[in-house]
>>> print(open('entry_5.cif').read())   # mmCIF, C-alpha atoms and all ligand atoms
data_entry
loop_
_atom_site.label_atom_id
_atom_site.label_comp_id
_atom_site.auth_asym_id
_atom_site.auth_seq_id
_atom_site.Cartn_x
_atom_site.Cartn_y
_atom_site.Cartn_z
CA MET A 1471 39.66 -16.96 210.72
CA ASN A 1472 40.49 -13.48 211.99
CA LEU A 1473 42.10 -12.55 215.27
CA SER A 1474 38.89 -11.10 216.73
CA LYS A 1475 37.31 -14.54 216.42
CA LEU A 1476 40.23 -16.11 218.29
CA PHE A 1477 39.94 -13.54 221.08
CA GLU A 1478 36.23 -14.37 221.26
CA ILE A 1479 36.92 -18.13 221.49
CA GLN A 1480 39.57 -17.57 224.16
CA ASN A 1481 37.13 -15.39 226.07
CA GLY A 1482 34.75 -18.36 226.15
CA LEU A 1483 37.45 -20.51 227.80
CA ARG A 1484 38.32 -17.65 230.14
CA ASN A 1485 34.71 -17.48 231.31
CA HIS A 1486 34.57 -21.25 231.66
CA ILE A 1487 37.69 -21.27 233.87
CA GLY A 1488 36.21 -18.30 235.72
CA TYR A 1489 39.21 -17.36 237.86
CA ALA A 1490 38.97 -13.70 238.85
CA LYS A 1491 41.27 -13.18 241.83
CA GLU A 1492 43.72 -10.30 241.90
CA ASP A 1493 46.74 -12.50 241.36
CA LYS A 1494 45.47 -13.83 238.05
CA LEU A 1495 47.61 -11.75 235.72
CA GLU A 1496 50.85 -12.35 237.61
CA LYS A 1497 50.16 -16.10 237.59
CA MET A 1498 49.27 -15.96 233.91
CA PHE A 1499 52.59 -14.34 233.01
CA LEU A 1500 54.43 -17.13 234.81
CA ALA A 1501 52.18 -19.75 233.18
CA PHE A 1502 53.09 -18.32 229.79
CA ILE A 1503 56.84 -18.37 230.51
CA VAL A 1504 56.52 -22.01 231.64
CA GLU A 1505 54.80 -22.86 228.34
CA VAL A 1506 57.57 -21.13 226.39
CA GLY A 1507 60.07 -23.27 228.31
CA GLU A 1508 58.08 -26.43 227.52
CA CYS A 1509 57.95 -25.41 223.88
CA ALA A 1510 61.74 -24.84 223.79
CA ASN A 1511 62.21 -28.23 225.43
CA GLU A 1512 60.16 -29.91 222.69
CA TRP A 1513 62.08 -27.98 220.02
CA ARG A 1514 65.43 -29.28 221.43
CA GLY A 1515 67.55 -27.10 219.15
CA PHE A 1516 69.43 -25.49 222.07
CA LYS A 1517 70.61 -28.85 223.49
CA TYR A 1518 74.17 -28.61 222.20
CA TRP A 1519 75.13 -31.48 224.51
CA SER A 1520 72.79 -33.92 222.84
CA GLN A 1521 73.05 -35.91 219.60
CA ASN A 1522 69.32 -35.55 219.22
CA GLN A 1523 68.31 -31.99 218.45
CA GLU A 1524 65.26 -32.84 216.40
CA PRO A 1525 61.91 -31.43 217.56
CA LYS A 1526 59.56 -33.81 219.33
CA GLU A 1527 56.02 -34.42 218.16
CA LYS A 1528 54.37 -32.30 220.86
CA LEU A 1529 56.06 -29.09 219.70
CA LEU A 1530 52.97 -27.63 218.02
CA GLU A 1531 50.77 -28.53 221.00
CA GLU A 1532 53.13 -26.75 223.38
CA TYR A 1533 53.21 -23.76 221.07
CA ALA A 1534 49.39 -23.74 221.02
CA ASP A 1535 49.32 -23.77 224.84
CA GLY A 1536 51.44 -20.63 224.84
CA PHE A 1537 49.23 -19.06 222.24
CA HIS A 1538 46.26 -19.47 224.60
CA PHE A 1539 48.07 -17.38 227.19
CA VAL A 1540 49.19 -14.76 224.65
CA ILE A 1541 45.56 -14.15 223.74
CA ASP A 1542 44.35 -14.43 227.34
CA ILE A 1543 46.92 -11.88 228.56
CA GLY A 1544 45.54 -9.46 225.94
CA ILE A 1545 41.99 -9.97 227.16
CA GLU A 1546 43.10 -9.47 230.74
CA LEU A 1547 45.03 -6.29 229.91
CA LEU A 1548 42.04 -4.94 228.01
CA GLU A 1549 39.72 -5.61 230.96
CA LYS A 1550 42.14 -3.87 233.29
CA GLU A 1551 42.34 -0.94 230.85
CA GLU A 1552 46.07 -1.40 230.47
CA ILE A 1553 45.60 -1.54 226.70
CA LYS A 1554 43.07 0.32 224.58
CA SER A 1555 42.46 -2.38 221.98
CA LEU A 1556 43.39 -5.90 221.00
CA PRO A 1557 45.59 -6.44 217.93
CA THR A 1558 43.87 -7.01 214.62
CA PHE A 1559 45.27 -8.34 211.37
CA ASN A 1560 45.63 -4.75 210.16
CA HIS A 1561 48.51 -4.05 212.46
CA VAL A 1562 49.96 -7.38 213.43
CA TYR A 1563 52.62 -9.30 211.54
CA PRO A 1564 55.27 -11.77 212.69
CA VAL A 1565 58.48 -10.26 214.09
CA LYS A 1566 61.52 -12.49 213.76
CA ASN A 1567 65.15 -12.70 214.85
CA PRO A 1568 67.73 -14.37 212.63
CA ASP A 1569 67.74 -17.45 214.86
CA ILE A 1570 65.33 -19.47 216.99
CA VAL A 1571 67.44 -19.43 220.18
CA ASN A 1572 67.28 -15.65 220.33
CA GLN A 1573 63.64 -15.64 219.27
CA PHE A 1574 62.74 -17.73 222.33
CA LYS A 1575 64.67 -15.32 224.53
CA ASP A 1576 63.10 -12.26 222.91
CA VAL A 1577 59.67 -13.72 223.57
CA ILE A 1578 60.59 -14.16 227.25
CA ARG A 1579 62.18 -10.69 227.42
CA SER A 1580 59.10 -9.06 225.91
CA THR A 1581 56.90 -10.93 228.42
CA ILE A 1582 58.92 -9.59 231.33
CA ILE A 1583 58.95 -6.05 229.90
CA LEU A 1584 55.19 -6.18 229.32
CA GLU A 1585 54.56 -7.34 232.88
CA MET A 1586 56.90 -4.71 234.31
CA LEU A 1587 55.36 -1.84 232.37
CA GLN A 1588 51.68 -2.63 232.80
CA GLY A 1589 50.35 -0.69 235.76
CA VAL A 1590 53.31 1.70 235.52
CA ILE A 1591 52.80 3.51 232.21
CA SER A 1592 49.37 4.57 230.96
CA TYR A 1593 48.92 2.08 228.15
CA VAL A 1594 50.98 -0.88 226.98
CA ASP A 1595 49.42 -1.41 223.55
CA ASP A 1596 52.77 -1.19 221.76
CA GLU A 1597 54.43 -3.61 224.17
CA TYR A 1598 51.53 -6.06 223.94
CA ARG A 1599 51.56 -5.91 220.16
CA LEU A 1600 55.30 -6.61 220.00
CA PHE A 1601 54.90 -9.51 222.46
CA PHE A 1602 52.14 -10.90 220.22
CA GLN A 1603 54.19 -10.42 217.06
CA LEU A 1604 57.28 -12.09 218.51
CA TYR A 1605 55.20 -15.12 219.46
CA LEU A 1606 53.74 -15.28 215.95
CA GLY A 1607 57.28 -14.96 214.59
CA LEU A 1608 58.37 -17.87 216.81
CA GLY A 1609 55.58 -20.02 215.37
CA GLU A 1610 56.72 -19.30 211.83
CA MET A 1611 60.35 -19.94 212.70
CA LEU A 1612 59.42 -23.30 214.21
CA GLY A 1613 57.98 -24.13 210.81
CA PHE A 1614 54.25 -23.76 211.42
CA THR A 1615 51.76 -22.12 209.09
CA TRP A 1616 48.99 -19.93 210.42
CA ASP A 1617 46.47 -22.66 209.52
CA GLN A 1618 48.37 -25.25 211.56
CA ILE A 1619 48.62 -22.88 214.52
CA GLU A 1620 44.93 -22.06 214.37
CA GLN A 1621 43.98 -25.73 214.09
CA ALA A 1622 46.21 -26.74 217.01
CA TYR A 1623 44.85 -23.85 219.06
CA LEU A 1624 41.22 -24.83 218.38
CA GLU A 1625 41.88 -28.49 219.24
CA LYS A 1626 43.56 -27.63 222.54
CA ASN A 1627 40.89 -25.05 223.32
CA LYS A 1628 38.27 -27.79 222.99
CA GLU A 1629 40.31 -30.10 225.24
CA ASN A 1630 40.64 -27.29 227.79
CA HIS A 1631 36.84 -26.91 227.91
CA GLU A 1632 36.50 -30.69 228.36
CA ARG A 1633 39.05 -30.60 231.18
CA GLN A 1634 37.00 -27.91 232.93
CA ASN A 1635 33.85 -30.02 232.55
CA ASN A 1636 35.65 -33.00 234.04
CA GLY A 1637 36.84 -31.13 237.12
CA TYR A 1638 40.51 -30.92 236.03
O1 LIG B 1701 43.57 -18.78 232.22
C1 LIG B 1701 43.89 -19.74 231.51
C2 LIG B 1701 44.43 -20.90 232.04
C3 LIG B 1701 44.78 -21.94 231.20
N1 LIG B 1701 44.58 -21.82 229.87
C4 LIG B 1701 44.95 -22.91 228.95
C5 LIG B 1701 46.26 -22.69 228.24
C6 LIG B 1701 46.78 -24.08 228.02
O2 LIG B 1701 46.27 -24.59 226.80
C7 LIG B 1701 46.21 -24.86 229.18
C8 LIG B 1701 47.20 -25.04 230.31
O3 LIG B 1701 48.35 -25.66 229.89
P1 LIG B 1701 48.59 -27.22 230.03
O4 LIG B 1701 47.61 -27.98 229.24
O5 LIG B 1701 50.05 -27.46 229.76
O6 LIG B 1701 48.23 -27.37 231.56
P2 LIG B 1701 48.91 -28.20 232.67
O7 LIG B 1701 47.94 -28.17 233.80
O8 LIG B 1701 50.28 -27.71 232.92
O9 LIG B 1701 48.90 -29.61 231.98
P3 LIG B 1701 49.72 -30.90 232.25
O10 LIG B 1701 49.47 -31.23 233.69
O11 LIG B 1701 49.12 -31.86 231.28
O12 LIG B 1701 51.15 -30.53 231.93
O13 LIG B 1701 45.10 -24.12 229.66
C9 LIG B 1701 44.03 -20.69 229.35
O14 LIG B 1701 43.84 -20.57 228.14
N2 LIG B 1701 43.70 -19.67 230.18
#
>>> encode(input="entry_5.cif", output="structure tokens", more="lines below")
Ligand SMILES: O=c1ccn([C@H]2C[C@H](O)[C@@H](COP(=O)(O)OP(=O)(O)OP(=O)(O)O)O2)c(=O)[nH]1
Amino acid sequence: MNLSKLFEIQNGLRNHIGYAKEDKLEKMFLAFIVEVGECANEWRGFKYWSQNQEPKEKLLEEYADGFHFVIDIGIELLEKEEIKSLPTFNHVYPVKNPDIVNQFKDVIRSTIILEMLQGVISYVDDEYRLFFQLYLGLGEMLGFTWDQIEQAYLEKNKENHERQNNGY
């Protein structure tokens, strides 16, 4: 599946949720950072105080939650004309640090930079692309293949639609 298809699927969920107030993007950035924290918590590899640093079974699901917001932030930025186009496979590839601890922090740093710069400089396409690529890189570093990520994303997307139908 290509990225355009994923953006299309996410747009379906976006319409289903249907939240359009002005504070949406600022809430979405926080929601994404929370998901990154949940993902790190499932990974456990930074818990130097614990004997158990093995990832827990919900790691991929948490990663997929974050991936929803990565895509959704792109759609939002496009609608607000903060970016000119969404990334495609032609110019997106995973960007990785040597270690996972710093990858998590780079993802968070790039989120904060993206939020700070949107609305201030004309277009944030480069910043959004790097943010996207760092998140893809994180997925690879956590040991997931693109197929696994896509599958987990689609499963959670379906559950998110069901939650909306059930008045979550
Ligand atoms: O505008 C939005 C809002 C939410 N989501 C998705 C992302 C994620 O897959 C889910 C929200 O995360 P989660 O399932 O962790 O929600 P929660 O309400 O924090 O769940 P829980 O109470 O189970 O922790 O909804 C979007 O894609 N776009």
>>> residues_near_ligand(input="entry_5.cif", ligand="ligand LIG 1701 (chain B)", cutoff="10 Å", atoms="all atoms listed in the file", output="MDAnalysis selection string")
chainID A and resid 1479:1490 1494:1495 1497:1498 1501:1502 1504:1505 1508 1531:1543 1546 1623:1631 1633:1634 1638
>>> closest_residue(input="entry_5.cif", among="A:Asp1596, A:Gln1618, A:Arg1514, A:Gln1603", to="Ile1583 (chain A)", atoms="all atoms listed in the file")
A:Asp1596
>>> closest_residue(input="entry_5.cif", among="A:Phe1614, A:Tyr1518, A:Phe1601, A:Phe1559", to="Ile1582 (chain A)", atoms="all atoms listed in the file")
A:Phe1601
>>> closest_residue(input="entry_5.cif", among="A:Ser1555, A:Ser1580, A:Gln1573, A:Asn1522", to="Ala1510 (chain A)", atoms="only C-alpha atoms")
A:Gln1573
>>> closest_residue(input="entry_5.cif", among="A:Ser1592, A:Glu1512, A:Val1506, A:Asp1493", to="Asp1576 (chain A)", atoms="all atoms listed in the file")
A:Val1506
>>> atom_distance(input="entry_5.cif", atom1="CA of Pro1564 (chain A)", atom2="CA of Ser1474 (chain A)")
16.9 Å
>>> atom_distance(input="entry_5.cif", atom1="CA of Asn1572 (chain A)", atom2="CA of Leu1600 (chain A)")
15.0 Å
>>> closest_residue(input="entry_5.cif", among="A:Gly1607, A:Gly1507, A:Arg1599, A:Lys1517", to="Val1562 (chain A)", atoms="all atoms listed in the file")
A:Arg1599
>>> atom_distance(input="entry_5.cif", atom1="CA of Val1571 (chain A)", atom2="CA of Leu1606 (chain A)")
14.9 Å
>>> closest_residue(input="entry_5.cif", among="A:Phe1516, A:Gly1613, A:Tyr1598, A:Leu1476", to="Gly1544 (chain A)", atoms="only C-alpha atoms")
A:Tyr1598
>>> decode(input="entry_5.cif", residues="region 1555-1617 of chain A", atoms="C-alpha atoms", output="compact mmCIF listing (two decimals), in the first residue's frame")
# COMPACT_ATOMS: atom_id res chain seq x y z
CA SER A 1555 1.99 18.52 -0.24
CA LEU A 1556 1.95 15.32 1.77
CA PRO A 1557 5.01 13.04 1.65
CA THR A 1558 5.03 10.28 -0.94
CA PHE A 1559 7.24 7.23 -1.19
CA ASN A 1560 9.40 9.11 -3.69
CA HIS A 1561 10.84 11.37 -1.06
CA VAL A 1562 10.34 9.66 2.24
CA TYR A 1563 12.70 7.16 3.85
CA PRO A 1564 13.38 6.29 7.48
CA VAL A 1565 15.81 8.57 9.33
CA LYS A 1566 17.59 6.92 12.22
CA ASN A 1567 19.89 7.75 15.13
CA PRO A 1568 22.44 5.23 16.36
CA ASP A 1569 20.26 4.42 19.38
CA ILE A 1570 16.59 4.18 20.29
CA VAL A 1571 16.75 6.48 23.34
CA ASN A 1572 17.90 9.37 21.18
CA GLN A 1573 15.50 8.41 18.40
CA PHE A 1574 12.56 8.84 20.78
CA LYS A 1575 13.90 12.23 21.82
CA ASP A 1576 14.52 13.30 18.23
CA VAL A 1577 10.93 12.41 17.38
CA ILE A 1578 9.73 14.61 20.27
CA ARG A 1579 12.16 17.41 19.34
CA SER A 1580 11.01 17.39 15.72
CA THR A 1581 7.37 17.52 16.89
CA ILE A 1582 8.05 20.60 18.98
CA ILE A 1583 10.03 22.27 16.19
CA LEU A 1584 7.26 21.52 13.69
CA GLU A 1585 4.62 22.98 15.99
CA MET A 1586 6.74 26.05 16.70
CA LEU A 1587 7.47 26.78 13.05
CA GLN A 1588 4.04 26.22 11.55
CA GLY A 1589 2.24 29.53 11.33
CA VAL A 1590 5.57 31.36 11.60
CA ILE A 1591 7.41 30.46 8.39
CA SER A 1592 5.65 30.16 5.04
CA TYR A 1593 5.76 26.40 4.59
CA VAL A 1594 6.92 23.58 6.84
CA ASP A 1595 7.14 20.79 4.26
CA ASP A 1596 10.77 20.00 5.12
CA GLU A 1597 10.06 19.94 8.86
CA TYR A 1598 6.98 17.76 8.38
CA ARG A 1599 8.89 15.35 6.18
CA LEU A 1600 11.70 15.00 8.71
CA PHE A 1601 9.16 14.46 11.51
CA PHE A 1602 7.54 11.72 9.39
CA GLN A 1603 10.88 10.13 8.55
CA LEU A 1604 12.05 10.08 12.16
CA TYR A 1605 8.85 8.31 13.18
CA LEU A 1606 9.32 5.75 10.41
CA GLY A 1607 12.92 5.33 11.57
CA LEU A 1608 11.69 4.74 15.13
CA GLY A 1609 9.38 1.98 13.87
CA GLU A 1610 12.26 0.23 12.13
CA MET A 1611 14.51 0.60 15.15
CA LEU A 1612 11.84 -0.95 17.37
CA GLY A 1613 12.03 -3.94 15.05
CA PHE A 1614 8.89 -3.52 12.96
CA THR A 1615 8.61 -4.05 9.22
CA TRP A 1616 6.55 -1.73 7.08
CA ASP A 1617 3.99 -4.54 6.61
